[in-house]
Structure formats: C-alpha cells, structure tokens
>>> print(open('upload-v3.csv').read())   # CSV, C-alpha atoms
chain,number,residue,atom,x,y,z
A,1,MET,CA,124.5,23.4,200.3
A,2,ARG,CA,125.9,24.0,196.9
A,3,PHE,CA,127.9,20.8,197.3
A,4,LEU,CA,124.8,18.8,198.2
A,5,VAL,CA,122.8,20.2,195.2
A,6,TYR,CA,125.6,19.3,192.8
A,7,PHE,CA,126.0,15.9,194.5
A,8,CYS,CA,122.3,15.1,193.8
A,9,ALA,CA,122.6,16.2,190.2
A,10,GLY,CA,125.5,13.9,189.8
A,11,LEU,CA,123.6,11.0,191.5
A,12,ALA,CA,120.7,11.4,189.0
A,13,GLY,CA,123.0,11.5,186.0
A,14,GLY,CA,125.1,8.6,187.3
A,15,VAL,CA,122.2,6.2,187.7
A,16,LEU,CA,121.2,6.7,184.0
A,17,GLY,CA,124.8,6.7,182.8
A,18,GLY,CA,125.5,3.4,184.6
A,19,MET,CA,122.6,1.9,182.6
A,20,GLY,CA,124.3,3.2,179.4
A,21,MET,CA,121.5,5.6,178.7
A,22,GLY,CA,123.5,8.8,178.4
A,23,GLY,CA,123.5,10.2,181.9
A,24,GLY,CA,125.1,13.4,180.5
A,25,CYS,CA,121.9,14.2,178.6
A,26,VAL,CA,120.2,14.5,182.0
A,27,LEU,CA,123.2,15.8,184.1
A,28,ILE,CA,123.9,18.8,181.8
A,29,PRO,CA,120.4,20.3,181.8
A,30,ILE,CA,120.1,19.7,185.6
A,31,LEU,CA,123.3,21.6,186.1
A,32,THR,CA,122.5,24.5,183.7
A,33,VAL,CA,118.8,24.9,184.1
A,34,LEU,CA,118.4,24.1,187.8
A,35,CYS,CA,121.8,25.0,189.2
A,36,GLY,CA,122.8,27.9,187.0
A,37,VAL,CA,126.1,26.3,185.9
A,38,PRO,CA,127.5,27.8,182.6
A,39,GLN,CA,126.9,25.5,179.6
A,40,HIS,CA,130.6,24.9,178.8
A,41,MET,CA,131.3,24.2,182.5
A,42,ALA,CA,128.5,21.7,182.7
A,43,GLN,CA,129.7,19.9,179.5
A,44,SER,CA,133.3,19.8,180.9
A,45,VAL,CA,132.1,18.4,184.3
A,46,ASN,CA,130.0,15.8,182.5
A,47,LEU,CA,133.0,14.6,180.4
A,48,LEU,CA,135.4,14.4,183.3
A,49,THR,CA,133.1,12.8,185.9
A,50,PHE,CA,132.0,10.3,183.3
A,51,LEU,CA,135.4,8.7,183.3
A,52,PRO,CA,135.6,7.1,186.8
A,53,MET,CA,131.9,6.2,186.5
A,54,ALA,CA,132.4,4.5,183.2
A,55,ALA,CA,135.4,2.5,184.7
A,56,VAL,CA,133.2,1.3,187.6
A,57,SER,CA,130.3,0.4,185.3
A,58,LEU,CA,132.6,-1.4,182.8
A,59,ARG,CA,133.9,-3.6,185.6
A,60,VAL,CA,130.4,-4.6,186.6
A,61,HIS,CA,129.4,-5.2,182.9
A,62,ALA,CA,132.5,-7.2,182.2
A,63,LYS,CA,131.8,-9.4,185.2
A,64,ASN,CA,128.3,-10.0,183.9
A,65,GLY,CA,129.7,-10.9,180.5
A,66,LEU,CA,127.9,-8.1,178.7
A,67,LEU,CA,130.9,-6.6,176.8
A,68,ASP,CA,131.2,-7.4,173.1
A,69,THR,CA,134.4,-5.9,171.7
A,70,ARG,CA,134.2,-7.2,168.1
A,71,GLY,CA,135.3,-4.3,165.7
A,72,VAL,CA,134.9,-1.5,168.3
A,73,LEU,CA,138.2,0.1,167.3
A,74,TRP,CA,136.6,1.0,164.0
A,75,THR,CA,134.3,3.3,165.9
A,76,ILE,CA,136.6,4.3,168.8
A,77,VAL,CA,139.5,5.8,166.7
A,78,PRO,CA,137.5,8.2,164.4
A,79,ALA,CA,135.2,9.1,167.3
A,80,THR,CA,138.1,10.1,169.5
A,81,LEU,CA,139.7,12.2,166.8
A,82,LEU,CA,136.4,14.0,166.0
A,83,SER,CA,135.6,14.6,169.6
A,84,VAL,CA,138.8,16.6,170.0
A,85,LEU,CA,138.0,18.7,166.9
A,86,GLY,CA,134.4,19.2,168.2
A,87,GLY,CA,135.7,20.2,171.6
A,88,LEU,CA,138.1,22.7,170.0
A,89,PHE,CA,135.3,24.1,167.8
A,90,VAL,CA,133.0,25.0,170.7
A,91,GLN,CA,135.6,26.7,172.8
A,92,GLY,CA,134.9,29.8,170.7
A,93,ILE,CA,131.1,29.5,170.7
A,94,PRO,CA,129.2,31.7,173.2
A,95,GLY,CA,127.5,29.8,176.1
A,96,GLY,CA,124.0,30.9,175.2
A,97,ALA,CA,124.2,29.7,171.6
A,98,LEU,CA,125.7,26.4,172.7
A,99,ARG,CA,122.9,26.0,175.2
A,100,VAL,CA,120.2,26.4,172.5
A,101,GLY,CA,122.1,24.0,170.3
A,102,PHE,CA,122.2,21.5,173.1
A,103,GLY,CA,118.4,22.0,173.7
A,104,VAL,CA,117.7,21.2,170.0
A,105,PHE,CA,120.0,18.1,170.2
A,106,LEU,CA,118.1,16.9,173.4
A,107,CYS,CA,114.7,17.3,171.7
A,108,LEU,CA,115.8,15.4,168.6
A,109,LEU,CA,117.3,12.7,170.8
A,110,SER,CA,114.2,12.4,172.9
A,111,LEU,CA,112.0,12.0,169.8
A,112,TYR,CA,114.2,9.2,168.6
A,113,GLN,CA,114.1,7.6,172.1
A,114,LEU,CA,110.3,7.9,172.1
A,115,ALA,CA,110.1,6.1,168.7
A,116,SER,CA,112.4,3.3,169.8
A,117,GLY,CA,110.6,2.9,173.1
A,118,VAL,CA,107.3,2.5,171.3
A,119,ARG,CA,108.9,0.0,168.9
A,120,GLN,CA,110.3,-2.0,171.8
A,121,LEU,CA,106.9,-2.1,173.4
A,122,ARG,CA,105.2,-3.3,170.2
A,123,GLY,CA,108.0,-5.9,169.6
A,124,GLY,CA,107.6,-7.2,173.2
A,125,GLN,CA,103.9,-7.7,172.7
A,126,GLN,CA,104.4,-9.6,169.5
A,127,ALA,CA,106.9,-11.9,171.2
A,128,GLY,CA,104.3,-12.9,173.8
A,129,GLY,CA,104.8,-10.1,176.4
A,130,GLN,CA,107.8,-8.2,177.3
A,131,GLN,CA,108.4,-9.8,180.7
A,132,SER,CA,108.9,-13.3,179.2
A,133,GLY,CA,111.3,-11.9,176.5
A,134,ARG,CA,113.2,-10.2,179.3
A,135,LYS,CA,113.6,-13.4,181.3
A,136,GLN,CA,114.9,-15.2,178.2
A,137,GLN,CA,117.5,-12.6,177.8
A,138,ASN,CA,118.7,-12.8,181.3
A,139,SER,CA,118.9,-16.6,181.3
A,140,GLU,CA,121.1,-16.4,178.2
A,141,GLN,CA,123.8,-14.5,180.1
B,1,MET,CA,133.6,-7.2,151.2
B,2,LYS,CA,131.0,-7.4,153.9
B,3,GLY,CA,133.7,-6.8,156.5
B,4,VAL,CA,134.9,-3.7,154.7
B,5,ALA,CA,131.4,-2.3,154.4
B,6,GLN,CA,130.8,-3.0,158.1
B,7,ALA,CA,134.1,-1.3,159.1
B,8,ALA,CA,133.2,1.7,156.9
B,9,LYS,CA,129.8,1.9,158.5
B,10,MET,CA,131.2,1.7,162.0
B,11,SER,CA,133.9,4.4,161.2
B,12,ALA,CA,131.2,6.8,159.8
B,13,ALA,CA,129.2,6.3,162.9
B,14,GLY,CA,132.3,7.0,165.0
B,15,ILE,CA,132.9,10.3,163.1
B,16,PHE,CA,129.3,11.4,163.8
B,17,THR,CA,129.4,10.2,167.4
B,18,GLY,CA,132.7,11.8,168.2
B,19,ALA,CA,131.7,15.2,166.7
B,20,VAL,CA,128.5,15.3,168.7
B,21,ASN,CA,130.3,14.2,171.9
B,22,GLY,CA,132.9,16.9,171.5
B,23,ILE,CA,130.5,19.7,170.7
B,24,PHE,CA,127.8,18.9,173.3
B,25,GLY,CA,130.2,17.4,176.0
B,26,GLY,CA,128.2,14.1,176.0
B,27,GLY,CA,125.4,12.2,174.3
B,28,GLY,CA,127.8,10.0,172.3
B,29,GLY,CA,126.7,6.9,174.2
B,30,MET,CA,123.1,7.6,173.2
B,31,LEU,CA,124.1,7.4,169.5
B,32,VAL,CA,126.4,4.4,169.9
B,33,VAL,CA,123.8,2.1,171.5
B,34,PRO,CA,121.4,2.0,168.5
B,35,LEU,CA,124.5,1.6,166.2
B,36,LEU,CA,125.7,-1.5,168.1
B,37,GLN,CA,122.2,-2.9,168.1
B,38,ALA,CA,122.0,-2.4,164.4
B,39,ASN,CA,125.2,-4.4,164.1
B,40,GLY,CA,123.5,-7.4,165.8
B,41,ARG,CA,124.2,-6.9,169.5
B,42,GLN,CA,121.7,-7.7,172.2
B,43,PRO,CA,120.3,-4.5,173.9
B,44,LEU,CA,122.1,-5.2,177.2
B,45,ALA,CA,125.4,-5.9,175.5
B,46,ALA,CA,125.0,-2.8,173.3
B,47,HIS,CA,124.5,-0.6,176.4
B,48,ALA,CA,127.5,-2.1,178.1
B,49,THR,CA,129.8,-2.0,175.1
B,50,ALA,CA,128.7,1.7,174.3
B,51,ILE,CA,130.4,2.7,177.6
B,52,LEU,CA,133.7,1.0,176.5
B,53,ILE,CA,133.6,3.0,173.2
B,54,ILE,CA,132.7,6.3,174.8
B,55,LEU,CA,135.3,6.1,177.5
B,56,PRO,CA,138.4,7.2,175.4
B,57,VAL,CA,136.2,9.6,173.4
B,58,CYS,CA,135.1,11.4,176.6
B,59,PHE,CA,138.7,11.4,177.9
B,60,ALA,CA,139.9,13.1,174.8
B,61,SER,CA,137.2,15.8,174.8
B,62,ALA,CA,137.6,16.3,178.6
B,63,VAL,CA,141.2,17.3,178.0
B,64,VAL,CA,140.2,19.9,175.4
B,65,TYR,CA,137.6,21.4,177.8
B,66,LEU,CA,140.0,21.5,180.7
B,67,CYS,CA,142.7,23.1,178.5
B,68,GLY,CA,140.0,25.7,177.7
B,69,GLY,CA,139.8,26.6,181.4
B,70,TRP,CA,136.5,25.0,182.3
B,71,PHE,CA,137.2,23.7,185.7
B,72,ASP,CA,135.6,24.3,189.2
B,73,ALA,CA,137.0,22.1,192.0
B,74,GLU,CA,133.9,22.1,194.3
B,75,LEU,CA,131.5,21.5,191.4
B,76,PHE,CA,133.6,18.7,189.9
B,77,LEU,CA,134.2,17.0,193.2
B,78,ALA,CA,130.5,17.0,194.3
B,79,VAL,CA,129.2,15.9,190.9
B,80,GLY,CA,132.0,13.3,190.6
B,81,ILE,CA,131.1,11.6,193.9
B,82,GLY,CA,127.4,11.7,193.0
B,83,VAL,CA,128.0,10.3,189.5
B,84,LEU,CA,130.2,7.5,190.8
B,85,ALA,CA,127.7,6.4,193.4
B,86,GLY,CA,124.8,6.6,191.0
B,87,GLY,CA,126.8,4.9,188.2
B,88,ALA,CA,127.4,1.8,190.3
B,89,ALA,CA,123.7,1.6,191.3
B,90,GLY,CA,122.7,2.1,187.6
B,91,ALA,CA,124.9,-0.7,186.3
B,92,ARG,CA,123.3,-3.1,188.8
B,93,LEU,CA,119.8,-1.9,188.0
B,94,LEU,CA,120.4,-2.6,184.3
B,95,GLY,CA,119.5,-6.3,184.7
B,96,SER,CA,116.3,-5.6,186.6
B,97,ILE,CA,114.3,-2.9,184.7
B,98,THR,CA,112.0,-3.1,181.6
B,99,PRO,CA,114.0,-1.4,178.9
B,100,ALA,CA,111.0,0.0,177.0
B,101,SER,CA,109.4,1.7,180.0
B,102,ALA,CA,112.8,3.2,181.1
B,103,THR,CA,113.3,4.5,177.5
B,104,LEU,CA,109.9,6.2,177.4
B,105,VAL,CA,110.3,7.9,180.8
B,106,PHE,CA,113.8,8.9,179.8
B,107,ALA,CA,112.5,10.4,176.5
B,108,ALA,CA,109.9,12.5,178.3
B,109,VAL,CA,112.4,13.9,180.8
B,110,MET,CA,114.9,14.7,178.0
B,111,PHE,CA,112.3,16.4,175.9
B,112,ALA,CA,111.2,18.7,178.7
B,113,ALA,CA,114.8,19.6,179.5
B,114,GLY,CA,115.4,20.3,175.8
B,115,VAL,CA,112.5,22.7,175.5
B,116,ARG,CA,113.5,24.5,178.7
B,117,MET,CA,116.9,25.1,177.3
B,118,ILE,CA,115.7,26.5,173.9
B,119,VAL,CA,113.1,29.0,175.3
>>> encode(input="upload-v3.csv", output="structure tokens")
Amino acid sequence: MRFLVYFCAGLAGGVLGGMGMGGGCVLIPILTVLCGVPQHMAQSVNLLTFLPMAAVSLRVHAKNGLLDTRGVLWTIVPATLLSVLGGLFVQGIPGGALRVGFGVFLCLLSLYQLASGVRQLRGGQQAGGQQSGRKQQNSEQ
Amino acid sequence: MKGVAQAAKMSAAGIFTGAVNGIFGGGGGMLVVPLLQANGRQPLAAHATAILIILPVCFASAVVYLCGGWFDAELFLAVGIGVLAGGAAGARLLGSITPASATLVFAAVMFAAGVRMIV
C-alpha cells in the first residue's frame, strides 16, 4: 500500500516534470503533506528520481528538436557549485524550519506563475487567439 | 561586450538557481525556464533546455543529500518508477496542451500546497 501511494505521488510529479514545469514543486508537498515523509527525505528523493526522468525527457525533447544549448554552460557551472553549497547548508537545518521555508518558496513561485499565466493569456488574445499562436509554434518545429 | 553581459547575467542566474535547488531539493527548473525565455528562447525550447541545465545541478545536490543519510529504498524505488512513467508521458504531452491554462492550474495547486506547509 505504501508502495502504491508513493508510486502515485511520483506519477503526478513526473508528468509535470516531463513538461519542464518543476515536478518537484508538486512531488515534495505531496510526499510531506499527504504521505508524512520528512522534508529532507522528500527533497532527497525528488533530486534522485529526477535524474532518470530527466534523461528520458531529454531524449524525447532532443528528438523533437527542442534543445537549444547556446551558452548553457554559463548557467550550469555556477548553478552546480551553488547547489552543492545549498545542499550542505540545509543538512544542519531542522526539518520543520525547512518545511516552512519550502512553503514560502512555493507561495512566491505560484504567484509568479500566476502572473506569467495571465500575461500569456493576454498575449495570446492580442495575437489573434492562443490556439492559432500555438499551431504556428508547432509548425515551426 | 554584449556577449560578456549576457554571460554574466546567465552566471548570476545560475548562482541563484543552484542555491535554491540545493536548499529546497528542487525548483531550479522553475527558475531557469523564465530565464531562458528572457534570453530569447521559445517557450517550448526553454522548457526542454531547462531540463538539460538542471540535470547536473540535481545530480550534484542529490549526492550531498545521500551523503547526509537521506535514503529509503522502498520510497525511492516507488517514487522513481512513478516519476519515470509520468515523465515520459509529460514530455509527450508538452506539444499538445495550452501553456497558459496549464500554468494557471499549476500555480493554484502550488499555492495551496505552499499554504498547507506554512500553517
């Protein structure tokens, strides 16, 4: 039963992650709030399980010609270094405090998402309806 | 000079993204997507390329968490299989959904989860 619950949590996070929408932002709260997994453990499982999922998604995206690698190393190298430092930093933080911090992070992120979603909707209307804009994008690929 | 400014901007974004990804064990991709779009990439290409950037970043922080002792075989296996199956489906769905509506639904779910974690 435990296995099935965790599997469903992974499925939900995976669908969003495969679309590049930060599946971890959904997976981590599902695991901590609904399944009672400790915050650090949920973050660890999110990082580790993202790896094979990302490899699979990347293959699909590469086949669809969606990868654009110009200058990405400028972001990858500093991000990798800081992610190690950030990971080391939270090893000493209590789970409860980390969970509250994560909640604040999620709220900020969702407000930003909301703003960009509304912007997209408005932009789509100006361009003569979103569906037509979408079709154009797809035919460009 | 434009190239240098661009590289500095992308590095600064990398520093921020990496720190967040290490501290919260995820979420870096959410920050990289708008950055790539600001640098002139199409939304779909930005989503795909974000995964390429976040892959080594997540690998590095995963090693740190595992070294910190955060591992549970049953949990990791169950979630891992679920994420893998869901990820393949999500990548195929990317070409067939309306981005704005997906973003709005996603924002609402995340906000609810965030509030639940604070209180």
>>> interface_residues(input="upload-v3.csv", of="chain B", to="chain A", cutoff="6 Å", atoms="only C-alpha atoms", output="VMD selection string")
chain B and resid 7 10 to 11 14 to 15 17 to 19 21 to 23 25 to 27 29 to 30 45 47 to 49 53 57 to 58 61 to 62 64 to 65 70 76 78 to 80 82 to 84 86 to 88 90 to 91 94 100 103 to 104 107 110 to 111 114 117 to 118
>>> atom_distance(input="upload-v3.csv", atom1="atom CA of Cys35 of chain A", atom2="atom CA of Met1 of chain A")
11.5 Å
>>> atom_distance(input="upload-v3.csv", atom1="atom CA of Lys63 of chain A", atom2="atom CA of Ser96 of chain B")
16.0 Å
>>> atom_distance(input="upload-v3.csv", atom1="atom CA of Ala60 of chain B", atom2="atom CA of Ala85 of chain B")
23.2 Å
>>> closest_residue(input="upload-v3.csv", among="B:Leu52, B:Val20, B:Ala73, B:Ala13", to="Pro34 of chain B", atoms="all atoms listed in the file")
B:Ala13
